[in-house]
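Take a look at the structure set out below.
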Amino acid sequence: PPTEELQKNRFKQQMQMTVLAFKAGVACSADTMLSGFDTHSNHDEEHMPKLAELTDGIDYLWDYAQEQGIADRLTVLVASDFSRTPWYNSSNGKDHWPIGSAIIMENNPSWGNRIVAGTDEKQNAVKINPNTLAPEAGGSIIYPKHIHQALRDYLEISSGNFDDAFKLNATERFNFFS
């Protein structure tokens, strides 16, 4: 039976359902969500507990997947539809900002434990060379479409039918997994 804490935590419930669906073979992907990051006021007071909840939920996902014997089969993408400004507004909040980040995780990947690209001191995207992944003034900015295309390639699901049905229009191809 679920613990009392799990019964109250919707995010962990999503993680548990995801793991159980994968283990049962009735799902091969899942989209889970944790809301509450849209902090236009009182950013620090609201954001810090949400980040802790997110981290706790991701830890639970990996622990539960390990317990269920499927952790070695997971590829996890942690991302958001937008980021927060690098400055505070008049309400001690942070507004929408287009430069964000994504975290991709697997159980002991050969390509893991590194950062690709980044931002400058004003939180603007740094351009990188799509082949070397090194910063380059004439390079390209990484957009979510590039991350998703690279995941499709890595997971070997970028067949013509799939890509044709769900176009990403990613002109450059990045290999984040070598």
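By convention in this document, the chains of the structure tokens carry letters A, B, ... by their order, each chain's residues are numbered from 1, and ligands are numbered from 1 in the order they are shown.
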
Residues of segment 3-52 of chain A that have any atom at most 9 Å from an atom of segment 63-80 of chain A: could you tabulate them with the shortest-distance atom pair and the distance in Å to one decimal, using only C-alpha atoms, ordered by chain and increasing number, as JSON lines?
{"residue": "A:Met15", "atom": "CA", "partner": "A:Tyr64", "partner_atom": "CA", "distance": 8.3}
{"residue": "A:Gln16", "atom": "CA", "partner": "A:Tyr64", "partner_atom": "CA", "distance": 7.1}
{"residue": "A:Val19", "atom": "CA", "partner": "A:Ala65", "partner_atom": "CA", "distance": 5.9}
{"residue": "A:Leu20", "atom": "CA", "partner": "A:Gln68", "partner_atom": "CA", "distance": 8.0}
{"residue": "A:Phe22", "atom": "CA", "partner": "A:Ile70", "partner_atom": "CA", "distance": 7.9}
{"residue": "A:Lys23", "atom": "CA", "partner": "A:Ile70", "partner_atom": "CA", "distance": 6.7}

Those same residues - C-alpha atoms - I'd like them written as an mmCIF file, in the first residue's frame.
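Output (selection-v5.cif):
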data_model
loop_
_atom_site.group_PDB
_atom_site.id
_atom_site.type_symbol
_atom_site.label_atom_id
_atom_site.label_comp_id
_atom_site.auth_asym_id
_atom_site.auth_seq_id
_atom_site.Cartn_x
_atom_site.Cartn_y
_atom_site.Cartn_z
ATOM 1 C CA MET A 15 6.425 8.836 -11.003
ATOM 2 C CA GLN A 16 5.048 5.669 -9.455
ATOM 3 C CA VAL A 19 7.395 3.141 -13.421
ATOM 4 C CA LEU A 20 4.543 0.652 -13.040
ATOM 5 C CA PHE A 22 6.810 0.768 -17.972
ATOM 6 C CA LYS A 23 7.325 -2.392 -15.930
#

Quiz item: Which parts of segment 50-144 of chain A does DSSP call helix (DSSP H, G or I) when run on the backbone here, written out as an MDAnalysis selection string?
Solution: chainID A and resid 50:67 71:73 144

Go ahead and dump the residues you just picked, C-alpha atoms, as a compact mmCIF listing (two decimals), in the first residue's frame.
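File selection33.txt, as written:
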# COMPACT_ATOMS: atom_id res chain seq x y z
CA LYS A 50 9.17 23.67 -5.71
CA LEU A 51 12.77 22.87 -6.67
CA ALA A 52 13.05 20.68 -3.57
CA GLU A 53 9.80 18.90 -4.51
CA LEU A 54 11.06 18.38 -8.06
CA THR A 55 14.38 16.95 -6.87
CA ASP A 56 12.63 14.72 -4.35
CA GLY A 57 10.27 13.43 -7.04
CA ILE A 58 13.10 12.67 -9.44
CA ASP A 59 14.99 10.86 -6.67
CA TYR A 60 11.84 8.85 -5.99
CA LEU A 61 11.53 7.98 -9.69
CA TRP A 62 15.06 6.57 -9.80
CA ASP A 63 14.74 4.76 -6.45
CA TYR A 64 11.38 3.21 -7.37
CA ALA A 65 12.58 2.27 -10.86
CA GLN A 66 15.58 0.54 -9.25
CA GLU A 67 13.29 -1.25 -6.80
CA ALA A 71 16.16 1.76 -13.80
CA ASP A 72 18.60 0.57 -16.45
CA ARG A 73 15.90 1.06 -19.11
CA PRO A 144 14.30 22.38 -27.48

Practice problem: Might you pull out every residue within 12 Å of His96 of chain A, with only C-alpha atoms counted and same-chain residues fewer than 3 positions away left off, and present them as a ChimeraX atom specification? | Solution: /A:37-41,43,80-89,93,99-100

Any chance you could export the current selection's N, CA, C and O atoms as a PDB file, in the first residue's frame?
ATOM      1  N   PHE A  37       5.932  26.794 -10.793  1.00  0.00           N
ATOM      2  CA  PHE A  37       7.190  27.510 -11.006  1.00  0.00           C
ATOM      3  C   PHE A  37       6.992  28.887 -11.629  1.00  0.00           C
ATOM      4  O   PHE A  37       7.950  29.604 -11.840  1.00  0.00           O
ATOM      5  N   ASP A  38       5.766  29.256 -11.945  1.00  0.00           N
ATOM      6  CA  ASP A  38       5.488  30.541 -12.601  1.00  0.00           C
ATOM      7  C   ASP A  38       5.408  31.631 -11.535  1.00  0.00           C
ATOM      8  O   ASP A  38       4.335  32.095 -11.157  1.00  0.00           O
ATOM      9  N   THR A  39       6.565  32.044 -11.059  1.00  0.00           N
ATOM     10  CA  THR A  39       6.679  32.893  -9.875  1.00  0.00           C
ATOM     11  C   THR A  39       6.905  34.355 -10.254  1.00  0.00           C
ATOM     12  O   THR A  39       8.021  34.858 -10.200  1.00  0.00           O
ATOM     13  N   HIS A  40       5.825  35.029 -10.608  1.00  0.00           N
ATOM     14  CA  HIS A  40       5.908  36.450 -10.952  1.00  0.00           C
ATOM     15  C   HIS A  40       6.009  37.329  -9.707  1.00  0.00           C
ATOM     16  O   HIS A  40       6.289  38.525  -9.808  1.00  0.00           O
ATOM     17  N   SER A  41       5.762  36.757  -8.551  1.00  0.00           N
ATOM     18  CA  SER A  41       5.965  37.477  -7.293  1.00  0.00           C
ATOM     19  C   SER A  41       6.532  36.490  -6.272  1.00  0.00           C
ATOM     20  O   SER A  41       6.338  35.282  -6.381  1.00  0.00           O
ATOM     21  N   HIS A  43       9.422  35.215  -5.722  1.00  0.00           N
ATOM     22  CA  HIS A  43      10.114  34.119  -6.408  1.00  0.00           C
ATOM     23  C   HIS A  43      10.841  33.179  -5.448  1.00  0.00           C
ATOM     24  O   HIS A  43      10.623  31.971  -5.474  1.00  0.00           O
ATOM     25  N   SER A  80      11.558  22.517 -19.019  1.00  0.00           N
ATOM     26  CA  SER A  80      10.429  23.409 -18.808  1.00  0.00           C
ATOM     27  C   SER A  80      10.105  24.119 -20.110  1.00  0.00           C
ATOM     28  O   SER A  80      10.930  24.165 -21.030  1.00  0.00           O
ATOM     29  N   ASP A  81       8.915  24.689 -20.180  1.00  0.00           N
ATOM     30  CA  ASP A  81       8.530  25.405 -21.395  1.00  0.00           C
ATOM     31  C   ASP A  81       9.122  26.808 -21.443  1.00  0.00           C
ATOM     32  O   ASP A  81       9.140  27.445 -22.488  1.00  0.00           O
ATOM     33  N   PHE A  82       9.622  27.311 -20.344  1.00  0.00           N
ATOM     34  CA  PHE A  82      10.330  28.588 -20.302  1.00  0.00           C
ATOM     35  C   PHE A  82      11.114  28.669 -19.007  1.00  0.00           C
ATOM     36  O   PHE A  82      10.974  27.831 -18.138  1.00  0.00           O
ATOM     37  N   SER A  83      11.910  29.698 -18.908  1.00  0.00           N
ATOM     38  CA  SER A  83      12.745  29.888 -17.731  1.00  0.00           C
ATOM     39  C   SER A  83      12.330  31.177 -17.031  1.00  0.00           C
ATOM     40  O   SER A  83      11.304  31.768 -17.370  1.00  0.00           O
ATOM     41  N   ARG A  84      13.124  31.609 -16.083  1.00  0.00           N
ATOM     42  CA  ARG A  84      12.853  32.830 -15.325  1.00  0.00           C
ATOM     43  C   ARG A  84      13.928  33.868 -15.637  1.00  0.00           C
ATOM     44  O   ARG A  84      15.077  33.521 -15.901  1.00  0.00           O
ATOM     45  N   THR A  85      13.559  35.139 -15.584  1.00  0.00           N
ATOM     46  CA  THR A  85      14.510  36.216 -15.837  1.00  0.00           C
ATOM     47  C   THR A  85      15.655  36.172 -14.829  1.00  0.00           C
ATOM     48  O   THR A  85      15.478  35.698 -13.705  1.00  0.00           O
ATOM     49  N   PRO A  86      16.826  36.689 -15.221  1.00  0.00           N
ATOM     50  CA  PRO A  86      17.942  36.716 -14.280  1.00  0.00           C
ATOM     51  C   PRO A  86      17.830  37.849 -13.261  1.00  0.00           C
ATOM     52  O   PRO A  86      18.702  38.006 -12.427  1.00  0.00           O
ATOM     53  N   TRP A  87      16.780  38.642 -13.322  1.00  0.00           N
ATOM     54  CA  TRP A  87      16.585  39.744 -12.379  1.00  0.00           C
ATOM     55  C   TRP A  87      15.183  39.637 -11.776  1.00  0.00           C
ATOM     56  O   TRP A  87      14.315  38.930 -12.276  1.00  0.00           O
ATOM     57  N   TYR A  88      14.991  40.352 -10.682  1.00  0.00           N
ATOM     58  CA  TYR A  88      13.701  40.380  -9.996  1.00  0.00           C
ATOM     59  C   TYR A  88      12.856  41.532 -10.530  1.00  0.00           C
ATOM     60  O   TYR A  88      13.380  42.585 -10.869  1.00  0.00           O
ATOM     61  N   ASN A  89      11.544  41.338 -10.555  1.00  0.00           N
ATOM     62  CA  ASN A  89      10.639  42.429 -10.914  1.00  0.00           C
ATOM     63  C   ASN A  89      10.245  43.186  -9.640  1.00  0.00           C
ATOM     64  O   ASN A  89      10.762  42.901  -8.552  1.00  0.00           O
ATOM     65  N   GLY A  93       9.481  38.984  -7.878  1.00  0.00           N
ATOM     66  CA  GLY A  93       9.272  37.798  -8.701  1.00  0.00           C
ATOM     67  C   GLY A  93      10.200  37.814  -9.893  1.00  0.00           C
ATOM     68  O   GLY A  93      11.002  38.730 -10.065  1.00  0.00           O
ATOM     69  N   ILE A  99      15.557  31.671 -22.317  1.00  0.00           N
ATOM     70  CA  ILE A  99      16.763  30.849 -22.243  1.00  0.00           C
ATOM     71  C   ILE A  99      16.658  29.935 -21.033  1.00  0.00           C
ATOM     72  O   ILE A  99      16.675  30.389 -19.891  1.00  0.00           O
ATOM     73  N   GLY A 100      16.526  28.655 -21.293  1.00  0.00           N
ATOM     74  CA  GLY A 100      16.365  27.697 -20.207  1.00  0.00           C
ATOM     75  C   GLY A 100      17.411  26.611 -20.270  1.00  0.00           C
ATOM     76  O   GLY A 100      18.494  26.787 -20.834  1.00  0.00           O
TER      77      GLY A 100
END

Quiz item: Counting only C-alpha atoms, what is within 8 Å of Ile128 of chain A, bar same-chain residues fewer than 2 positions away, as a count of residues only?
Solution: 14

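Nearest to Ala30 of chain A of all the residues A:Gln14, A:Thr119, A:Asn129, A:Ser158 is A:Gln14, based on only C-alpha atoms.
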
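One distance worth recording is that between atom CA of Ile147 of chain A and atom CA of Asp120 of chain A, which is 20.1 Å.
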
Quiz prompt | Of the listed residues A:Ser159, A:Arg114, A:Asn124, A:Phe174, that which approaches Trp97 of chain A most closely, counting only C-alpha atoms | solution = A:Asn124

Exercise. For atom CA of His148 of chain A and atom CA of Arg173 of chain A, quote the distance in Å rounded to one decimal.
Key: 10.2 Å

Quiz prompt | Test item, strand (DSSP E) assignment across chain A, answer as a ChimeraX atom specification | solution = /A:75-79,83-84,96-97,102-106

Selection export as a PDB file, in the first residue's frame, atoms kept: N, CA and C atoms:
ATOM      1  N   THR A  75      15.367   6.622 -19.772  1.00  0.00           N
ATOM      2  CA  THR A  75      16.001   7.863 -20.205  1.00  0.00           C
ATOM      3  C   THR A  75      15.059   8.956 -19.742  1.00  0.00           C
ATOM      4  N   VAL A  76      15.535   9.855 -18.904  1.00  0.00           N
ATOM      5  CA  VAL A  76      14.691  10.873 -18.291  1.00  0.00           C
ATOM      6  C   VAL A  76      15.114  12.255 -18.789  1.00  0.00           C
ATOM      7  N   LEU A  77      14.149  13.028 -19.249  1.00  0.00           N
ATOM      8  CA  LEU A  77      14.366  14.410 -19.667  1.00  0.00           C
ATOM      9  C   LEU A  77      13.632  15.305 -18.685  1.00  0.00           C
ATOM     10  N   VAL A  78      14.354  16.239 -18.078  1.00  0.00           N
ATOM     11  CA  VAL A  78      13.766  17.221 -17.174  1.00  0.00           C
ATOM     12  C   VAL A  78      13.907  18.574 -17.858  1.00  0.00           C
ATOM     13  N   ALA A  79      12.782  19.215 -18.149  1.00  0.00           N
ATOM     14  CA  ALA A  79      12.821  20.485 -18.872  1.00  0.00           C
ATOM     15  C   ALA A  79      11.567  21.290 -18.549  1.00  0.00           C
ATOM     16  N   SER A  83      11.910  29.698 -18.908  1.00  0.00           N
ATOM     17  CA  SER A  83      12.745  29.888 -17.731  1.00  0.00           C
ATOM     18  C   SER A  83      12.330  31.177 -17.031  1.00  0.00           C
ATOM     19  N   ARG A  84      13.124  31.609 -16.083  1.00  0.00           N
ATOM     20  CA  ARG A  84      12.853  32.830 -15.325  1.00  0.00           C
ATOM     21  C   ARG A  84      13.928  33.868 -15.637  1.00  0.00           C
ATOM     22  N   HIS A  96       8.946  35.634 -17.357  1.00  0.00           N
ATOM     23  CA  HIS A  96       9.344  34.629 -18.334  1.00  0.00           C
ATOM     24  C   HIS A  96      10.630  35.044 -19.049  1.00  0.00           C
ATOM     25  N   TRP A  97      11.460  34.053 -19.344  1.00  0.00           N
ATOM     26  CA  TRP A  97      12.736  34.253 -20.010  1.00  0.00           C
ATOM     27  C   TRP A  97      12.922  33.083 -20.978  1.00  0.00           C
ATOM     28  N   ALA A 102      17.911  22.006 -19.943  1.00  0.00           N
ATOM     29  CA  ALA A 102      17.321  20.670 -19.910  1.00  0.00           C
ATOM     30  C   ALA A 102      18.337  19.740 -19.275  1.00  0.00           C
ATOM     31  N   ILE A 103      17.829  18.749 -18.582  1.00  0.00           N
ATOM     32  CA  ILE A 103      18.675  17.732 -17.969  1.00  0.00           C
ATOM     33  C   ILE A 103      18.238  16.392 -18.551  1.00  0.00           C
ATOM     34  N   ILE A 104      19.197  15.633 -19.046  1.00  0.00           N
ATOM     35  CA  ILE A 104      18.907  14.297 -19.566  1.00  0.00           C
ATOM     36  C   ILE A 104      19.676  13.315 -18.694  1.00  0.00           C
ATOM     37  N   MET A 105      18.966  12.299 -18.214  1.00  0.00           N
ATOM     38  CA  MET A 105      19.566  11.340 -17.288  1.00  0.00           C
ATOM     39  C   MET A 105      19.326   9.906 -17.742  1.00  0.00           C
ATOM     40  N   GLU A 106      20.300   9.075 -17.461  1.00  0.00           N
ATOM     41  CA  GLU A 106      20.181   7.625 -17.565  1.00  0.00           C
ATOM     42  C   GLU A 106      20.985   7.031 -16.418  1.00  0.00           C
TER      43      GLU A 106
END

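If you count only C-alpha atoms and ignore residues fewer than 6 places along the chain from His146 of chain A, what sits within 10 Å of it is Pro130, Arg152, Leu168, Asn169, Ala170, Thr171, Glu172, Arg173, Phe174, Asn175 and Phe176 of chain A.
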
Selected residues written out, C-alpha atoms, as a CSV table (one decimal), in the first residue's frame:
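Listing of selection.csv after writing:
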chain,number,residue,atom,x,y,z
A,130,PRO,CA,26.9,21.3,-33.4
A,152,ARG,CA,15.0,10.7,-31.2
A,168,LEU,CA,10.7,19.4,-35.4
A,169,ASN,CA,12.3,21.5,-38.1
A,170,ALA,CA,15.7,21.1,-36.5
A,171,THR,CA,18.1,22.1,-39.2
A,172,GLU,CA,21.2,21.3,-37.2
A,173,ARG,CA,21.8,17.9,-35.6
A,174,PHE,CA,23.6,17.8,-32.3
A,175,ASN,CA,25.0,14.6,-30.9
A,176,PHE,CA,24.8,15.1,-27.2

Exercise. Could you tell me how far atom CA of Lys122 of chain A lies from atom CA of Ser91 of chain A, in Å and to one decimal?
Key: 20.7 Å
